[in-house]
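Below is final22.cif, holding mmCIF, C-alpha atoms.
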data_protein
loop_
_atom_site.label_atom_id
_atom_site.label_comp_id
_atom_site.auth_asym_id
_atom_site.auth_seq_id
_atom_site.Cartn_x
_atom_site.Cartn_y
_atom_site.Cartn_z
CA MET V 87 82.73 -84.63 -68.09
CA LYS V 88 82.64 -83.67 -64.44
CA ILE V 89 79.97 -84.70 -61.98
CA PHE V 90 79.69 -83.68 -58.38
CA GLU V 91 77.16 -83.59 -55.59
CA ILE V 92 76.75 -81.31 -52.59
CA VAL V 93 74.43 -82.17 -49.68
CA HIS V 94 73.39 -79.68 -47.02
CA LYS V 95 70.96 -79.76 -44.15
CA ILE V 96 68.77 -76.70 -43.84
CA PRO V 97 67.34 -76.28 -40.32
CA HIS V 98 63.86 -75.29 -41.49
CA PRO V 99 60.69 -77.19 -42.41
CA TRP V 100 60.34 -78.43 -45.97
CA SER V 101 57.24 -76.33 -46.63
CA GLN V 102 59.14 -73.16 -45.82
CA VAL V 103 62.23 -74.14 -47.80
CA THR V 104 60.16 -74.90 -50.91
CA GLU V 105 58.22 -71.66 -50.45
CA ALA V 106 61.58 -69.89 -50.48
CA HIS V 107 62.58 -71.78 -53.63
CA TRP V 108 59.74 -70.05 -55.52
CA GLU V 109 60.58 -66.63 -54.11
CA LYS V 110 64.32 -67.07 -54.18
CA TYR V 111 65.16 -64.05 -56.35
CA PRO V 112 66.21 -61.39 -55.64
CA ASN V 113 68.62 -62.13 -52.80
CA ASP V 114 71.99 -60.70 -51.86
CA HIS V 115 73.89 -63.81 -52.91
CA SER V 116 72.54 -64.05 -56.44
CA ALA V 117 73.18 -60.57 -57.77
CA HIS V 118 74.06 -62.06 -61.17
CA ILE V 119 70.44 -63.12 -61.76
CA VAL V 120 68.67 -60.41 -63.75
CA SER V 121 65.22 -61.87 -64.43
CA VAL V 122 63.04 -64.85 -63.52
CA ASP V 123 59.85 -65.84 -65.33
CA THR V 124 57.48 -68.74 -64.96
CA ILE V 125 56.69 -69.90 -68.47
CA ASN V 126 54.58 -72.98 -67.70
CA ARG V 127 52.89 -74.32 -64.62
CA TYR V 128 50.22 -76.91 -63.90
CA VAL V 129 49.12 -79.53 -61.40
CA ASP V 130 48.80 -82.97 -63.00
CA GLU V 131 46.21 -85.69 -62.28
CA ASN V 132 48.44 -87.12 -59.52
CA GLY V 133 48.58 -83.79 -57.73
CA ILE V 134 52.17 -83.05 -58.75
CA LEU V 135 53.04 -79.42 -59.40
CA HIS V 136 55.03 -78.95 -62.61
CA SER V 137 56.83 -75.65 -63.20
CA GLU V 138 59.05 -74.33 -65.92
CA ARG V 139 61.02 -71.14 -65.36
CA LEU V 140 63.34 -69.04 -67.46
CA LEU V 141 66.16 -67.23 -65.71
CA SER V 142 68.56 -64.75 -67.17
CA GLY V 143 71.84 -63.74 -65.65
CA LYS V 144 75.26 -62.36 -66.24
CA GLN V 145 77.27 -65.37 -67.30
CA LYS V 146 80.54 -66.05 -65.58
CA ILE V 147 82.81 -67.52 -68.20
CA PRO V 148 86.57 -67.15 -68.60
CA ARG V 149 87.39 -63.74 -70.04
CA ILE V 150 89.46 -65.35 -72.79
CA LEU V 151 86.38 -67.29 -73.93
CA GLN V 152 84.24 -64.16 -73.79
CA LYS V 153 86.70 -62.59 -76.20
CA ILE V 154 86.86 -65.57 -78.52
CA PHE V 155 83.10 -65.99 -78.76
CA ASN V 156 82.17 -62.34 -78.55
CA SER V 157 79.48 -63.22 -76.06
CA SER V 158 76.68 -60.92 -75.09
CA ASP V 159 76.66 -60.42 -71.35
CA VAL V 160 73.31 -62.05 -70.57
CA ALA V 161 72.86 -65.81 -70.51
CA TYR V 162 69.62 -67.77 -70.25
CA PHE V 163 68.87 -70.77 -68.03
CA HIS V 164 65.89 -73.11 -68.14
CA GLU V 165 64.58 -74.77 -64.98
CA VAL V 166 62.07 -77.62 -65.06
CA SER V 167 60.72 -78.84 -61.74
CA THR V 168 58.27 -81.24 -60.16
CA LEU V 169 56.97 -80.99 -56.63
CA ASP V 170 55.07 -83.85 -55.05
CA PRO V 171 53.16 -82.68 -51.95
CA LYS V 172 52.49 -86.29 -50.91
CA THR V 173 56.10 -87.47 -50.79
CA ASN V 174 57.38 -83.93 -50.03
CA VAL V 175 60.02 -83.90 -52.72
CA LEU V 176 60.89 -81.00 -54.97
CA HIS V 177 63.19 -81.78 -57.85
CA ALA V 178 64.47 -79.14 -60.26
CA GLU V 179 66.74 -79.51 -63.28
CA THR V 180 68.41 -76.43 -64.68
CA VAL V 181 70.42 -76.17 -67.89
CA ASN V 182 72.08 -73.27 -69.62
CA LEU V 183 70.49 -72.26 -72.92
CA SER V 184 73.29 -69.89 -73.87
CA PHE V 185 76.69 -71.27 -74.93
CA SER V 186 75.25 -74.76 -74.57
CA ASN V 187 77.00 -75.78 -77.80
CA LEU V 188 80.28 -75.02 -75.96
CA ILE V 189 79.65 -76.01 -72.41
CA LEU V 190 76.62 -77.73 -70.97
CA ILE V 191 75.94 -77.27 -67.27
CA GLU V 192 73.14 -79.48 -66.01
CA GLU V 193 72.20 -78.80 -62.42
CA GLY V 194 69.88 -80.94 -60.33
CA LEU V 195 68.39 -79.73 -57.07
CA THR V 196 66.38 -81.90 -54.68
CA LEU V 197 64.67 -80.57 -51.57
CA LYS V 198 63.23 -83.23 -49.31
CA LYS V 199 62.46 -83.79 -45.66
CA ASN V 200 65.47 -84.97 -43.68
CA PRO V 201 64.46 -88.43 -42.39
CA GLU V 202 66.40 -87.72 -39.18
CA ASP V 203 64.18 -84.73 -38.36
CA PRO V 204 61.42 -84.53 -40.99
CA GLU V 205 59.40 -81.73 -39.38
CA ASN V 206 62.24 -79.28 -38.84
CA ASN V 207 65.03 -80.14 -41.22
CA THR V 208 65.32 -80.25 -45.01
CA LEU V 209 67.93 -81.91 -47.18
CA PHE V 210 69.32 -79.70 -49.92
CA ILE V 211 70.97 -81.92 -52.53
CA GLN V 212 72.65 -80.30 -55.47
CA GLN V 213 74.21 -82.15 -58.38
CA ALA V 214 75.95 -80.83 -61.42
CA LYS V 215 77.14 -82.35 -64.63
CA ILE V 216 79.50 -80.24 -66.67
CA SER V 217 80.53 -81.16 -70.20
CA ALA V 218 82.68 -79.23 -72.63
CA LYS V 219 81.43 -79.46 -76.22
CA GLY V 220 82.50 -78.73 -79.75
CA VAL V 221 85.66 -76.66 -80.16
CA LEU V 222 86.07 -76.58 -76.39
CA SER V 223 86.28 -80.35 -76.09
CA GLY V 224 89.97 -79.97 -77.12
CA ILE V 225 90.58 -78.01 -73.94
CA ALA V 226 87.88 -79.87 -72.04
CA LYS V 227 89.91 -80.42 -68.91
CA TYR V 228 90.71 -76.73 -68.52
CA THR V 229 87.20 -75.58 -69.34
CA GLU V 230 85.48 -78.12 -67.11
CA GLU V 231 87.77 -77.45 -64.18
CA PHE V 232 87.21 -73.72 -64.46
CA THR V 233 83.48 -74.25 -64.67
CA VAL V 234 83.39 -76.62 -61.70
CA LYS V 235 85.27 -74.06 -59.61
CA THR V 236 82.88 -71.28 -60.59
CA PHE V 237 79.90 -73.54 -60.16
CA LYS V 238 80.88 -74.65 -56.67
CA ALA V 239 81.25 -71.04 -55.59
CA ASN V 240 77.85 -70.23 -57.13
CA ALA V 241 76.29 -73.30 -55.52
CA ALA V 242 77.25 -72.07 -52.06
CA ASN V 243 75.85 -68.66 -52.93
CA GLY V 244 72.65 -70.27 -54.17
CA ARG V 245 72.15 -71.97 -50.83
CA LYS V 246 72.98 -68.82 -48.87
CA GLY V 247 70.48 -66.95 -51.01
CA LEU V 248 67.81 -69.52 -50.29
CA GLU V 249 68.49 -69.27 -46.56
CA GLN V 250 68.19 -65.50 -46.69
CA VAL V 251 64.79 -65.82 -48.38
CA ILE V 252 63.68 -68.35 -45.72
CA ASP V 253 64.48 -65.75 -43.04
CA ARG V 254 62.51 -63.16 -44.98
CA ILE V 255 59.50 -65.51 -45.17
CA ARG V 256 59.72 -66.32 -41.45
CA MET V 257 59.73 -62.61 -40.58
CA ARG V 258 56.72 -62.06 -42.79
CA GLU V 259 54.83 -64.98 -41.27
CA GLN V 260 55.59 -63.84 -37.74
CA LYS V 261 54.24 -60.41 -38.58
CA ALA V 262 51.10 -61.92 -40.06
CA MET V 263 50.39 -63.90 -36.87
CA PRO V 264 47.54 -62.45 -34.83
CA ILE V 265 48.64 -60.97 -31.51
CA ASN V 266 46.70 -62.38 -28.58
CA MET O 107 62.70 -59.44 -59.41
CA SER O 108 62.18 -58.32 -62.96
CA SER O 109 60.62 -60.18 -65.83
CA ILE O 110 62.67 -60.78 -68.97
CA ASN O 111 60.52 -58.03 -70.43
CA PRO O 112 60.10 -55.18 -67.92
CA GLU O 113 56.78 -54.36 -69.62
CA CYS O 114 55.45 -57.61 -68.10
CA ASN O 115 56.60 -56.71 -64.57
CA LYS O 116 53.20 -55.70 -63.26
CA LEU O 117 51.55 -58.88 -64.58
CA LYS O 118 54.42 -60.94 -63.19
CA LYS O 119 54.19 -59.34 -59.74
CA ASP O 120 50.43 -59.92 -59.54
CA TYR O 121 50.82 -63.53 -60.63
CA ASP O 122 53.81 -64.27 -58.33
CA GLU O 123 51.95 -62.87 -55.31
CA CYS O 124 48.91 -64.95 -56.16
CA PHE O 125 51.02 -68.08 -56.68
CA ASN O 126 52.95 -67.66 -53.42
CA SER O 127 49.77 -67.47 -51.36
CA TRP O 128 48.13 -70.27 -53.40
CA TYR O 129 51.15 -72.50 -52.76
CA VAL O 130 51.00 -72.08 -48.99
CA ASP O 131 47.27 -71.67 -48.38
CA SER O 132 45.81 -74.01 -50.99
CA PHE O 133 48.29 -76.37 -52.60
CA LEU O 134 50.25 -77.51 -49.53
CA LYS O 135 46.97 -77.87 -47.61
CA GLY O 136 45.55 -80.12 -50.30
CA LYS O 137 42.83 -77.64 -51.29
CA LYS O 138 41.91 -77.35 -54.95
CA SER O 139 41.89 -73.81 -56.30
CA ASN O 140 42.56 -72.23 -59.66
CA LYS O 141 42.49 -68.66 -58.42
CA CYS O 142 45.75 -67.74 -60.20
CA ASP O 143 44.97 -69.28 -63.59
CA GLU O 144 43.62 -66.09 -65.18
CA LEU O 145 46.53 -64.00 -63.92
CA PHE O 146 48.96 -66.60 -65.25
CA LYS O 147 47.34 -66.61 -68.68
CA GLU O 148 47.76 -62.84 -69.04
CA TYR O 149 51.31 -62.81 -67.69
CA ARG O 150 52.34 -65.76 -69.84
CA ALA O 151 50.97 -64.16 -73.00
CA CYS O 152 53.11 -61.11 -72.27
CA ILE O 153 56.39 -63.00 -71.79
CA MET O 154 55.82 -65.49 -74.60
CA ARG O 155 55.87 -62.61 -77.10
CA THR O 156 59.33 -61.66 -75.82
CA LEU O 157 60.55 -65.26 -75.88
CA LYS O 158 59.54 -65.50 -79.54
CA GLU O 159 61.15 -62.16 -80.42
CA LYS O 160 64.42 -63.17 -78.79
CA LYS O 161 64.09 -66.71 -80.23
CA ILE O 162 64.43 -68.16 -76.73
CA ASP O 163 61.52 -70.52 -77.44
CA VAL O 164 63.75 -72.18 -80.07
CA LEU O 165 66.63 -72.46 -77.58
CA ILE O 166 64.30 -74.13 -75.07
CA ASP O 167 63.02 -76.65 -77.62
CA GLU O 168 66.58 -77.53 -78.64
CA SER O 169 67.67 -77.83 -75.03
CA ILE O 170 64.84 -80.23 -74.22
CA LYS O 171 65.69 -82.29 -77.30
CA ASN O 172 69.41 -82.46 -76.42
CA SER O 173 68.94 -82.99 -72.71
CA THR O 174 70.52 -86.07 -71.21
CA VAL O 175 68.22 -85.98 -68.20
CA ASN O 176 64.74 -87.31 -68.48
CA LYS O 177 62.46 -84.48 -69.46
CA LYS O 178 59.14 -84.51 -71.19
#

Show how you would write the structure in this file as structure tokens.
Amino acid sequence: MKIFEIVHKIPHPWSQVTEAHWEKYPNDHSAHIVSVDTINRYVDENGILHSERLLSGKQKIPRILQKIFNSSDVAYFHEVSTLDPKTNVLHAETVNLSFSNLILIEEGLTLKKNPEDPENNTLFIQQAKISAKGVLSGIAKYTEEFTVKTFKANAANGRKGLEQVIDRIRMREQKAMPIN
Amino acid sequence: MSSINPECNKLKKDYDECFNSWYVDSFLKGKKSNKCDELFKEYRACIMRTLKEKKIDVLIDESIKNSTVNKK
């Protein structure tokens, strides 16, 4: 099993970064994502927003494994998130639904105000746990290392994508401002 | 961004637009509003049919059961 964590500071207010999280797709850095659907959403009695989304994308797995498992080219991912507007913390957990009997990729994302500059800066904390399963556990080291490499590259793209969407939202909000 | 079932795209777009404005103008400002609930109901009904057809609902249930992180 491999675990790693990436922390970034995004120079934008938390409200805008979380807004971008909901509108993140499409963006130029996540071309592999094909569809996004919200399948459940509610605000609980404590005012916490719960969301469940289903994403589909073109899976990046080693070509040799694609051949062995005769995989279809679309993979599904399930994201469960909570957002507390009082503490200003968004936490999302994403797991792969496809090939999960072979390799399980559990991704955690936390967006919270940076205590050093809470009004203008947001902490972007990404964690991933990667475990090879079943027949792949025999070549776990190889599989996990490959996946970590791919995942790290994707993680950077995910953040770049989010930043692009933040810019898009800022442009839109500037346009919507009344001119005096 | 497309829905898993392109036939639900219009319902998804209407709901997403409603949600995005609700999030900024109501939710983050602490105002109670359920203005998107009806749109969500219609959109959800559309995608849930596809999830059942593709048996993704079963995959989700299994994933929640097998998850090592704390999920409901």

List every residue of chain V that has an atom at most 6 Å from any atom of chain O, and for each one report the closest atom pair and its distance in Å to one decimal, counting only C-alpha atoms, with rows sorted by chain and then by increasing residue number, as a tab-separated table.
residue	atom	partner	partner_atom	distance
V:Pro112	CA	O:Met107	CA	5.5
V:Ser121	CA	O:Ser108	CA	4.9
V:Val122	CA	O:Ser109	CA	5.7
V:Asp123	CA	O:Ser109	CA	5.7

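With distances taken over all atoms listed in the file, O:Glu148 is the one residue among O:Cys142, O:Lys161, O:Lys137, O:Glu148 lying closest to Leu117 in chain O.
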
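Here CA of Leu176 in chain V and CA of His118 in chain V stand 23.9 Å from one another.
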
- Polymer residues at most 6 Å from range 168-174 of chain V, all atoms listed in the file, same-chain spacing of 3 or more positions, as a PyMOL selection string: chain V and resi 134-136+177+198

Write a file of the just-selected residues containing C-alpha atoms, as a PDB file, keeping the file's coordinate frame.
ATOM      1  CA  ILE V 134      52.170 -83.050 -58.750  1.00  0.00           C
ATOM      2  CA  LEU V 135      53.040 -79.420 -59.400  1.00  0.00           C
ATOM      3  CA  HIS V 136      55.030 -78.950 -62.610  1.00  0.00           C
ATOM      4  CA  HIS V 177      63.190 -81.780 -57.850  1.00  0.00           C
ATOM      5  CA  LYS V 198      63.230 -83.230 -49.310  1.00  0.00           C
TER       6      LYS V 198
END

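In this structure, CA of Tyr111 in chain V sits 18.4 Å away from CA of Trp128 in chain O.
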
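With CA of Gln213 in chain V on one side and CA of Thr196 in chain V on the other, the separation reads 8.7 Å.
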
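For the choices O:Thr156, O:Ser132, O:Ser139, O:Leu145, the atom-to-atom distance to Asp120 in chain O is smallest for O:Leu145 when using all atoms listed in the file.
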
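Among V:Ala106, V:Leu140, V:Ile191, V:Val120, the residue with the shortest atom-to-atom distance to Ile252 in chain V, counting only C-alpha atoms, is V:Ala106.
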
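Proximity to His107 in chain V at 12 Å, evaluated using all atoms listed in the file and with sequence-adjacent residues fewer than 6 positions away removed, yields V:Trp100, V:Ser101, V:Asn113, V:Ser137, V:Arg139, V:Glu165, V:Ser167, V:Leu169, V:Leu176, V:His177, V:Ala178, V:Leu195, V:Thr196, V:Leu197, V:Phe210, V:Gly244, V:Arg245, V:Lys246, V:Gly247, V:Leu248, V:Glu249, V:Gln250, V:Val251, V:Ile252, V:Ile255, O:Asn126, O:Tyr129.
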
Return as AutoDock Vina command-line options the box centre and box size in Å, one decimal, for an axis-aligned box around all listed atoms of range 149-164 of chain O padded by 6 Å per side.
--center_x 57.7 --center_y -66.6 --center_z -74.1 --size_x 25.5 --size_y 23.1 --size_z 24.7

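Selection by the PyMOL selection byres ((chain V and resi 163) around 6) on the present file picks out Leu140, Leu141, Tyr162, His164, Val181, Asn182 and Leu183 of chain V.
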
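Of the residues listed (V:Asn243, V:Ser217, V:Asn206, V:Gln260), V:Asn206 shows the shortest atom-to-atom separation from Pro97 in chain V; distances use only C-alpha atoms.
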